[in-house]
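data_20.pdb, holding PDB, C-alpha atoms, pLDDT in the B column:
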ATOM      1  CA  VAL O   1      23.633  -5.803   6.798  1.00 47.00           C
ATOM      2  CA  ALA O   2      20.797  -7.693   8.456  1.00 43.00           C
ATOM      3  CA  LEU O   3      18.968  -4.434   9.169  1.00 42.00           C
ATOM      4  CA  VAL O   4      19.326  -3.320   5.563  1.00 42.00           C
ATOM      5  CA  LEU O   5      17.824  -6.584   4.423  1.00 37.00           C
ATOM      6  CA  VAL O   6      14.954  -6.251   6.867  1.00 41.00           C
ATOM      7  CA  LEU O   7      14.133  -2.739   5.700  1.00 43.00           C
ATOM      8  CA  ALA O   8      14.332  -3.737   2.076  1.00 43.00           C
ATOM      9  CA  ALA O   9      11.927  -6.579   2.736  1.00 41.00           C
ATOM     10  CA  ALA O  10       9.480  -4.151   4.279  1.00 43.00           C
ATOM     11  CA  VAL O  11       8.971  -2.299   1.010  1.00 48.00           C
ATOM     12  CA  LEU O  12       5.462  -3.213   0.029  1.00 50.00           C
ATOM     13  CA  VAL O  13       6.028  -4.272  -3.558  1.00 48.00           C
ATOM     14  CA  ALA O  14       4.379  -7.089  -5.461  1.00 49.00           C
ATOM     15  CA  SER O  15       5.785  -8.387  -8.728  1.00 42.00           C
ATOM     16  CA  THR O  16       4.552 -11.815  -9.772  1.00 41.00           C
ATOM     17  CA  VAL O  17       4.737 -11.556 -13.546  1.00 42.00           C
ATOM     18  CA  ALA O  18       6.649 -13.806 -15.921  1.00 43.00           C
ATOM     19  CA  HIS O  19       9.799 -12.431 -17.529  1.00 47.00           C
ATOM     20  CA  GLY O  20       9.299 -10.454 -20.720  1.00 52.00           C
ATOM     21  CA  VAL O  21       5.672  -9.480 -20.115  1.00 66.00           C
ATOM     22  CA  LYS O  22       5.022  -5.775 -19.610  1.00 91.00           C
ATOM     23  CA  THR O  23       3.717  -4.732 -16.217  1.00 96.00           C
ATOM     24  CA  VAL O  24       2.450  -1.479 -14.745  1.00 98.00           C
ATOM     25  CA  ASP O  25       3.836  -0.006 -11.540  1.00 97.00           C
ATOM     26  CA  VAL O  26       1.165   1.331  -9.197  1.00 98.00           C
ATOM     27  CA  GLY O  27       2.188   3.086  -6.007  1.00 98.00           C
ATOM     28  CA  VAL O  28      -0.346   3.773  -3.263  1.00 98.00           C
ATOM     29  CA  TYR O  29       0.816   6.049  -0.465  1.00 98.00           C
ATOM     30  CA  PHE O  30      -1.838   6.062   2.219  1.00 98.00           C
ATOM     31  CA  ALA O  31      -2.859   6.604   5.817  1.00 98.00           C
ATOM     32  CA  ALA O  32      -4.298   3.538   7.494  1.00 98.00           C
ATOM     33  CA  ARG O  33      -7.278   5.293   9.096  1.00 98.00           C
ATOM     34  CA  CYS O  34      -7.995   7.916   6.467  1.00 98.00           C
ATOM     35  CA  PRO O  35     -11.501   7.129   5.164  1.00 98.00           C
ATOM     36  CA  TYR O  36     -10.499   8.039   1.602  1.00 98.00           C
ATOM     37  CA  SER O  37      -7.489   5.729   1.748  1.00 98.00           C
ATOM     38  CA  GLN O  38      -9.566   2.936   3.225  1.00 98.00           C
ATOM     39  CA  ALA O  39     -12.312   3.292   0.629  1.00 98.00           C
ATOM     40  CA  PHE O  40      -9.854   3.263  -2.279  1.00 98.00           C
ATOM     41  CA  ILE O  41      -7.775   0.333  -1.040  1.00 98.00           C
ATOM     42  CA  SER O  42     -10.661  -1.897   0.008  1.00 98.00           C
ATOM     43  CA  GLY O  43     -12.726  -0.917  -3.038  1.00 98.00           C
ATOM     44  CA  VAL O  44     -11.147   0.161  -6.341  1.00 98.00           C
ATOM     45  CA  LEU O  45      -7.664  -1.208  -5.689  1.00 98.00           C
ATOM     46  CA  SER O  46      -8.831  -4.537  -4.306  1.00 98.00           C
ATOM     47  CA  ASP O  47     -11.230  -5.012  -7.224  1.00 98.00           C
ATOM     48  CA  VAL O  48      -8.487  -4.372  -9.778  1.00 98.00           C
ATOM     49  CA  TRP O  49      -5.932  -6.556  -7.981  1.00 98.00           C
ATOM     50  CA  HIS O  50      -8.410  -9.445  -7.832  1.00 98.00           C
ATOM     51  CA  GLY O  51      -9.511  -9.020 -11.453  1.00 97.00           C
ATOM     52  CA  ASP O  52      -8.835 -11.964 -13.738  1.00 97.00           C
ATOM     53  CA  GLY O  53      -5.113 -11.932 -14.575  1.00 97.00           C
ATOM     54  CA  MET O  54      -4.439  -8.498 -13.089  1.00 98.00           C
ATOM     55  CA  SER O  55      -2.177  -9.285 -10.144  1.00 97.00           C
ATOM     56  CA  ALA O  56       0.326 -10.833 -12.547  1.00 96.00           C
ATOM     57  CA  ARG O  57       0.563  -7.585 -14.504  1.00 97.00           C
ATOM     58  CA  LEU O  58       0.807  -5.166 -11.585  1.00 96.00           C
ATOM     59  CA  ASN O  59       3.836  -4.167  -9.565  1.00 95.00           C
ATOM     60  CA  LEU O  60       1.916  -2.903  -6.547  1.00 97.00           C
ATOM     61  CA  GLU O  61       3.684  -0.803  -3.930  1.00 96.00           C
ATOM     62  CA  LEU O  62       1.744  -0.014  -0.758  1.00 98.00           C
ATOM     63  CA  VAL O  63       3.291   2.574   1.542  1.00 97.00           C
ATOM     64  CA  PRO O  64       1.432   3.100   4.831  1.00 98.00           C
ATOM     65  CA  TYR O  65       2.565   6.470   6.127  1.00 98.00           C
ATOM     66  CA  GLY O  66       0.734   9.405   4.543  1.00 98.00           C
ATOM     67  CA  ASN O  67       1.046  12.641   6.536  1.00 98.00           C
ATOM     68  CA  THR O  68       2.502  10.962   9.598  1.00 98.00           C
ATOM     69  CA  THR O  69       5.355  12.867  11.229  1.00 98.00           C
ATOM     70  CA  GLU O  70       8.402  11.247  12.774  1.00 97.00           C
ATOM     71  CA  SER O  71      10.794  12.460  15.438  1.00 97.00           C
ATOM     72  CA  PRO O  72      14.141  10.871  16.330  1.00 94.00           C
ATOM     73  CA  MET O  73      14.194   9.325  19.786  1.00 92.00           C
ATOM     74  CA  GLY O  74      17.635   7.958  20.617  1.00 92.00           C
ATOM     75  CA  LYS O  75      18.349   5.167  18.164  1.00 91.00           C
ATOM     76  CA  THR O  76      14.717   4.827  17.104  1.00 94.00           C
ATOM     77  CA  TRP O  77      11.773   6.970  15.974  1.00 97.00           C
ATOM     78  CA  TYR O  78       8.555   8.320  17.461  1.00 96.00           C
ATOM     79  CA  TYR O  79       5.503   8.803  15.242  1.00 97.00           C
ATOM     80  CA  THR O  80       2.491  11.098  15.348  1.00 98.00           C
ATOM     81  CA  CYS O  81      -0.385  10.196  13.045  1.00 98.00           C
ATOM     82  CA  PRO O  82      -3.225  12.486  11.892  1.00 97.00           C
ATOM     83  CA  HIS O  83      -5.863   9.922  12.876  1.00 97.00           C
ATOM     84  CA  GLY O  84      -4.410   9.025  16.256  1.00 97.00           C
ATOM     85  CA  PHE O  85      -2.488   6.240  17.923  1.00 96.00           C
ATOM     86  CA  ASP O  86      -4.571   3.493  16.282  1.00 97.00           C
ATOM     87  CA  GLU O  87      -3.452   4.715  12.876  1.00 98.00           C
ATOM     88  CA  CYS O  88       0.207   4.593  13.909  1.00 98.00           C
ATOM     89  CA  ASP O  89      -0.304   1.061  15.230  1.00 98.00           C
ATOM     90  CA  ALA O  90      -2.085  -0.042  12.058  1.00 98.00           C
ATOM     91  CA  GLN O  91       0.686   1.317   9.840  1.00 98.00           C
ATOM     92  CA  ALA O  92       3.316  -0.409  11.949  1.00 98.00           C
ATOM     93  CA  LEU O  93       1.289  -3.620  11.758  1.00 98.00           C
ATOM     94  CA  GLN O  94       1.096  -3.417   7.975  1.00 98.00           C
ATOM     95  CA  ALA O  95       4.834  -2.825   7.685  1.00 98.00           C
ATOM     96  CA  CYS O  96       5.432  -5.814   9.939  1.00 98.00           C
ATOM     97  CA  ALA O  97       3.159  -8.022   7.841  1.00 97.00           C
ATOM     98  CA  PHE O  98       5.162  -7.316   4.719  1.00 94.00           C
ATOM     99  CA  ASN O  99       8.340  -8.067   6.608  1.00 94.00           C
ATOM    100  CA  MET O 100       7.231 -11.438   7.990  1.00 95.00           C
ATOM    101  CA  THR O 101       5.228 -13.048   5.190  1.00 95.00           C
ATOM    102  CA  SER O 102       4.973 -13.236   1.410  1.00 94.00           C
ATOM    103  CA  THR O 103       4.079 -10.083  -0.476  1.00 91.00           C
ATOM    104  CA  ALA O 104       0.895 -11.619  -1.856  1.00 93.00           C
ATOM    105  CA  VAL O 105      -0.367 -12.556   1.619  1.00 96.00           C
ATOM    106  CA  ALA O 106       0.631  -9.183   3.074  1.00 96.00           C
ATOM    107  CA  ILE O 107      -1.298  -7.384   0.335  1.00 97.00           C
ATOM    108  CA  GLU O 108      -4.374  -9.441   1.190  1.00 98.00           C
ATOM    109  CA  TYR O 109      -3.821  -8.609   4.850  1.00 98.00           C
ATOM    110  CA  THR O 110      -3.745  -4.910   4.008  1.00 98.00           C
ATOM    111  CA  PHE O 111      -6.965  -5.217   2.011  1.00 98.00           C
ATOM    112  CA  CYS O 112      -8.608  -6.952   4.966  1.00 98.00           C
ATOM    113  CA  LEU O 113      -7.420  -4.360   7.485  1.00 98.00           C
ATOM    114  CA  GLU O 114      -8.448  -1.380   5.378  1.00 98.00           C
ATOM    115  CA  ALA O 115     -11.943  -2.805   4.897  1.00 98.00           C
ATOM    116  CA  ALA O 116     -12.515  -2.551   8.661  1.00 98.00           C
ATOM    117  CA  ASP O 117     -13.729   0.571  10.456  1.00 95.00           C
ATOM    118  CA  ASN O 118     -10.626   0.454  12.644  1.00 96.00           C
ATOM    119  CA  PRO O 119      -7.830  -1.539  10.983  1.00 97.00           C
ATOM    120  CA  ILE O 120      -5.845  -2.240  14.147  1.00 97.00           C
ATOM    121  CA  GLN O 121      -8.894  -3.775  15.802  1.00 96.00           C
ATOM    122  CA  ALA O 122      -9.264  -6.123  12.821  1.00 98.00           C
ATOM    123  CA  GLY O 123      -5.643  -7.252  13.030  1.00 98.00           C
ATOM    124  CA  GLN O 124      -6.248 -10.572  14.726  1.00 98.00           C
ATOM    125  CA  VAL O 125      -9.333 -11.492  12.701  1.00 98.00           C
ATOM    126  CA  CYS O 126      -7.590 -10.730   9.406  1.00 98.00           C
ATOM    127  CA  ALA O 127      -4.477 -12.621  10.511  1.00 98.00           C
ATOM    128  CA  THR O 128      -6.546 -15.694  11.363  1.00 98.00           C
ATOM    129  CA  GLN O 129      -8.330 -15.583   8.003  1.00 98.00           C
ATOM    130  CA  LEU O 130      -5.005 -15.582   6.173  1.00 98.00           C
ATOM    131  CA  GLY O 131      -3.190 -18.099   8.374  1.00 97.00           C
ATOM    132  CA  LEU O 132      -0.802 -15.547   9.858  1.00 98.00           C
ATOM    133  CA  SER O 133       0.515 -15.698  13.399  1.00 97.00           C
ATOM    134  CA  TRP O 134      -1.154 -12.898  15.337  1.00 98.00           C
ATOM    135  CA  ALA O 135       1.294 -13.385  18.199  1.00 98.00           C
ATOM    136  CA  THR O 136       4.238 -12.763  15.860  1.00 98.00           C
ATOM    137  CA  LEU O 137       2.588  -9.726  14.299  1.00 98.00           C
ATOM    138  CA  GLN O 138       1.872  -8.288  17.742  1.00 97.00           C
ATOM    139  CA  LEU O 139       5.439  -8.861  18.830  1.00 97.00           C
ATOM    140  CA  CYS O 140       6.637  -6.915  15.801  1.00 98.00           C
ATOM    141  CA  TYR O 141       4.317  -3.919  15.752  1.00 97.00           C
ATOM    142  CA  GLN O 142       4.482  -3.422  19.515  1.00 97.00           C
ATOM    143  CA  GLY O 143       8.251  -3.938  19.619  1.00 97.00           C
ATOM    144  CA  SER O 144      11.462  -2.183  18.716  1.00 96.00           C
ATOM    145  CA  GLN O 145      11.538  -3.352  15.097  1.00 96.00           C
ATOM    146  CA  ALA O 146       8.361  -1.552  14.018  1.00 98.00           C
ATOM    147  CA  PRO O 147       9.693   2.040  14.184  1.00 97.00           C
ATOM    148  CA  LEU O 148      12.566   1.057  11.891  1.00 97.00           C
ATOM    149  CA  LEU O 149      10.185  -0.494   9.380  1.00 98.00           C
ATOM    150  CA  VAL O 150       7.906   2.549   9.495  1.00 98.00           C
ATOM    151  CA  HIS O 151      10.931   4.816   9.019  1.00 97.00           C
ATOM    152  CA  GLU O 152      11.523   3.114   5.678  1.00 96.00           C
ATOM    153  CA  MET O 153       7.962   4.099   4.711  1.00 96.00           C
ATOM    154  CA  ALA O 154       8.733   7.673   5.789  1.00 98.00           C
ATOM    155  CA  VAL O 155      11.824   7.739   3.582  1.00 97.00           C
ATOM    156  CA  ARG O 156       9.910   6.463   0.564  1.00 96.00           C
ATOM    157  CA  THR O 157       7.084   8.911   1.110  1.00 98.00           C
ATOM    158  CA  GLY O 158       9.542  11.766   1.538  1.00 98.00           C
ATOM    159  CA  ALA O 159      11.206  10.881  -1.775  1.00 98.00           C
ATOM    160  CA  LEU O 160       8.043  11.506  -3.790  1.00 98.00           C
ATOM    161  CA  ASN O 161       8.268  14.138  -6.521  1.00 98.00           C
ATOM    162  CA  PRO O 162       5.992  16.027  -6.452  1.00 98.00           C
ATOM    163  CA  PRO O 163       5.704  15.681  -2.679  1.00 98.00           C
ATOM    164  CA  LEU O 164       2.658  14.059  -1.107  1.00 98.00           C
ATOM    165  CA  ARG O 165      -0.084  16.536  -0.204  1.00 98.00           C
ATOM    166  CA  TYR O 166      -3.044  14.238   0.507  1.00 98.00           C
ATOM    167  CA  VAL O 167      -3.937  10.562   0.709  1.00 98.00           C
ATOM    168  CA  PRO O 168      -4.294   8.262  -1.017  1.00 98.00           C
ATOM    169  CA  TRP O 169      -1.486   9.578  -3.226  1.00 98.00           C
ATOM    170  CA  LEU O 170      -1.207   7.509  -6.387  1.00 98.00           C
ATOM    171  CA  THR O 171       1.631   7.009  -8.837  1.00 98.00           C
ATOM    172  CA  VAL O 172       1.522   5.072 -12.100  1.00 98.00           C
ATOM    173  CA  ASN O 173       4.869   3.994 -13.511  1.00 97.00           C
ATOM    174  CA  GLY O 174       6.460   6.406 -11.056  1.00 97.00           C
ATOM    175  CA  VAL O 175       4.447   9.410 -12.258  1.00 98.00           C
ATOM    176  CA  HIS O 176       1.964  11.530 -10.320  1.00 98.00           C
ATOM    177  CA  THR O 177      -0.124  14.304 -11.832  1.00 98.00           C
ATOM    178  CA  GLU O 178      -3.486  15.637 -10.687  1.00 98.00           C
ATOM    179  CA  SER O 179      -5.097  14.376 -13.881  1.00 98.00           C
ATOM    180  CA  LEU O 180      -3.619  10.896 -13.483  1.00 98.00           C
ATOM    181  CA  GLN O 181      -4.613  10.828  -9.816  1.00 98.00           C
ATOM    182  CA  LEU O 182      -8.231  11.548 -10.706  1.00 98.00           C
ATOM    183  CA  GLN O 183      -8.269   8.951 -13.462  1.00 98.00           C
ATOM    184  CA  ALA O 184      -6.710   6.272 -11.252  1.00 98.00           C
ATOM    185  CA  GLN O 185      -9.010   6.924  -8.315  1.00 97.00           C
ATOM    186  CA  ASN O 186     -12.100   6.703 -10.506  1.00 96.00           C
ATOM    187  CA  ASP O 187     -11.097   4.023 -13.025  1.00 97.00           C
ATOM    188  CA  LEU O 188      -7.832   2.328 -12.118  1.00 98.00           C
ATOM    189  CA  LEU O 189      -8.654  -0.656 -14.305  1.00 98.00           C
ATOM    190  CA  THR O 190      -8.626   1.436 -17.472  1.00 97.00           C
ATOM    191  CA  VAL O 191      -5.506   3.349 -16.400  1.00 97.00           C
ATOM    192  CA  VAL O 192      -3.634   0.068 -15.979  1.00 97.00           C
ATOM    193  CA  CYS O 193      -5.024  -1.726 -19.021  1.00 97.00           C
ATOM    194  CA  GLN O 194      -4.247   1.198 -21.338  1.00 96.00           C
ATOM    195  CA  ARG O 195      -0.574   0.880 -20.376  1.00 96.00           C
ATOM    196  CA  LEU O 196      -0.265  -2.869 -20.914  1.00 96.00           C
ATOM    197  CA  ASP O 197       0.878  -4.629 -24.062  1.00 93.00           C
ATOM    198  CA  PRO O 198      -1.185  -7.515 -25.454  1.00 93.00           C
ATOM    199  CA  PRO O 199      -2.196 -10.056 -24.533  1.00 93.00           C
ATOM    200  CA  LEU O 200      -4.286  -8.134 -22.038  1.00 96.00           C
ATOM    201  CA  PRO O 201      -5.621  -9.759 -18.868  1.00 96.00           C
ATOM    202  CA  ALA O 202      -9.195 -10.955 -19.154  1.00 96.00           C
ATOM    203  CA  ALA O 203     -10.276  -8.342 -16.624  1.00 97.00           C
ATOM    204  CA  CYS O 204      -9.436  -5.590 -19.118  1.00 96.00           C
ATOM    205  CA  SER O 205     -12.485  -6.572 -21.146  1.00 93.00           C
ATOM    206  CA  ALA O 206     -14.542  -4.995 -18.332  1.00 84.00           C
ATOM    207  CA  SER O 207     -13.067  -1.573 -19.108  1.00 82.00           C
ATOM    208  CA  ALA O 208     -15.743   0.346 -20.974  1.00 56.00           C
ATOM    209  CA  LYS O 209     -13.242   2.840 -22.400  1.00 64.00           C
ATOM    210  CA  LEU O 210     -11.094   0.067 -23.852  1.00 63.00           C
ATOM    211  CA  THR O 211     -13.947  -1.966 -25.296  1.00 54.00           C
ATOM    212  CA  SER O 212     -15.501   1.162 -26.815  1.00 55.00           C
ATOM    213  CA  GLY O 213     -12.195   2.088 -28.446  1.00 51.00           C
ATOM    214  CA  LEU O 214     -11.859   5.366 -26.505  1.00 46.00           C
TER     215      LEU O 214
END
Would you kindly transcribe this structure into structure tokens?
Amino acid sequence: VALVLVLAAAVLVASTVAHGVKTVDVGVYFAARCPYSQAFISGVLSDVWHGDGMSARLNLELVPYGNTTESPMGKTWYYTCPHGFDECDAQALQACAFNMTSTAVAIEYTFCLEAADNPIQAGQVCATQLGLSWATLQLCYQGSQAPLLVHEMAVRTGALNPPLRYVPWLTVNGVHTESLQLQAQNDLLTVVCQRLDPPLPAACSASAKLTSGL
């Protein structure tokens, strides 16, 4: 039971909205050291999340796994990542952060890591900035718990329909199409604001397509 609870807590989901107010689900399935993932998360996604009133209207799910492969190894798992060992470590670190702290802080930690050239090397600096215990994070991502947390990310990535083919792989309200992917990567603010009911967050006024009536 305890393990189930731990894995459930590792799901990178943020929902901070008041009851009865419509939100938009945004899923971001990414690889920690993929330059396209890093650029989207530290740029477009971070800007939207930090927009005035936006975080309260987003259910944000971050899944650090991408095209990683896993192999069973006894009672645990072994991972091979397209961008090397540092990527595997960074993804384990991100999963650990969501398991040990609040979702809001863990999201900020992910933004900080993905803004760095090498996320794992920024782990301690980002932890210090956000008041997280680097020692505890290290103990998790270098220990036996991390593979179990990453396995949960593998399961969620494997459940995607259609299946993930590249990163970042984006879903909006559980839907992925090539057209929606392109729209979300280029103008996530408009994609989200168009799906919200009034009153809209103040940040939506920055969407040119909404303000022009398109």
Could you tell me how far atom CA of Thr157 of chain O sits from atom CA of Ala56 of chain O, in Å to one decimal place?
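These atoms are spaced 24.9 Å apart.
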Find the residue from O:Val125, O:Leu132, O:Ala206, O:Leu164 that sits nearest to Met100 of chain O; use only C-alpha atoms when measuring.
O:Leu132
Among listed residues O:Gly51, O:Gly84, O:Gly143, O:Gly74, nearest Cys34 of chain O (using all atoms listed in the file)
O:Gly84
I need the residue set behind the PyMOL selection byres ((chain O and resi 136) around 12) for this file; please write it as a ChimeraX atom specification.
/O:93,96-97,99-101,123-124,127,131-135,137-143,145
Nearest to Leu160 of chain O, restricted to all atoms listed in the file and choosing among O:Leu113, O:Thr68, O:His176, O:Leu148, comes out as O:His176
Using all atoms listed in the file, tabulate the residues of segment 135-177 of chain O lying at most 8 Å from any atom of segment 60-67 of chain O, each with its closest atom pair and that distance in Å to one decimal, by chain and increasing residue number, as JSON lines.
{"residue": "O:Val150", "atom": "CA", "partner": "O:Tyr65", "partner_atom": "CA", "distance": 7.4}
{"residue": "O:Met153", "atom": "CA", "partner": "O:Val63", "partner_atom": "CA", "distance": 5.8}
{"residue": "O:Ala154", "atom": "CA", "partner": "O:Tyr65", "partner_atom": "CA", "distance": 6.3}
{"residue": "O:Arg156", "atom": "CA", "partner": "O:Val63", "partner_atom": "CA", "distance": 7.7}
{"residue": "O:Thr157", "atom": "CA", "partner": "O:Tyr65", "partner_atom": "CA", "distance": 7.2}
{"residue": "O:Leu164", "atom": "CA", "partner": "O:Gly66", "partner_atom": "CA", "distance": 7.6}
{"residue": "O:Arg165", "atom": "CA", "partner": "O:Asn67", "partner_atom": "CA", "distance": 7.9}
{"residue": "O:Tyr166", "atom": "CA", "partner": "O:Gly66", "partner_atom": "CA", "distance": 7.3}
{"residue": "O:Val167", "atom": "CA", "partner": "O:Gly66", "partner_atom": "CA", "distance": 6.2}
{"residue": "O:Pro168", "atom": "CA", "partner": "O:Gly66", "partner_atom": "CA", "distance": 7.6}
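Interatomic distance, atom CA of Pro198 of chain O to atom CA of Ser42 of chain O: 27.7 Å.
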Taking all listed atoms of segment 183-199 of chain O, build the axis-aligned box, pad each of the six sides by 8 Å, then write its centre and edge lengths in Å to one decimal as AutoDock Vina command-line options.
--center_x -5.6 --center_y -0.6 --center_z -16.9 --size_x 29.0 --size_y 35.0 --size_z 33.1
The PyMOL selection byres ((chain O and resi 28) around 6) - which residues does that actually catch in the file I just gave you? List them as a short mmCIF file (atom, residue, chain, number, x, y, z; two decimals) with C-alpha atoms, keeping the file's coordinate frame.
data_model
loop_
_atom_site.label_atom_id
_atom_site.label_comp_id
_atom_site.auth_asym_id
_atom_site.auth_seq_id
_atom_site.Cartn_x
_atom_site.Cartn_y
_atom_site.Cartn_z
CA GLY O 27 2.19 3.09 -6.01
CA TYR O 29 0.82 6.05 -0.46
CA LEU O 62 1.74 -0.01 -0.76
CA TRP O 169 -1.49 9.58 -3.23
CA LEU O 170 -1.21 7.51 -6.39
#
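Between Ala122 of chain O and the residues O:Ile41, O:Ala104, O:Val191, O:Ala90, the shortest atom-to-atom distance, using all atoms listed in the file, involves O:Ala90.
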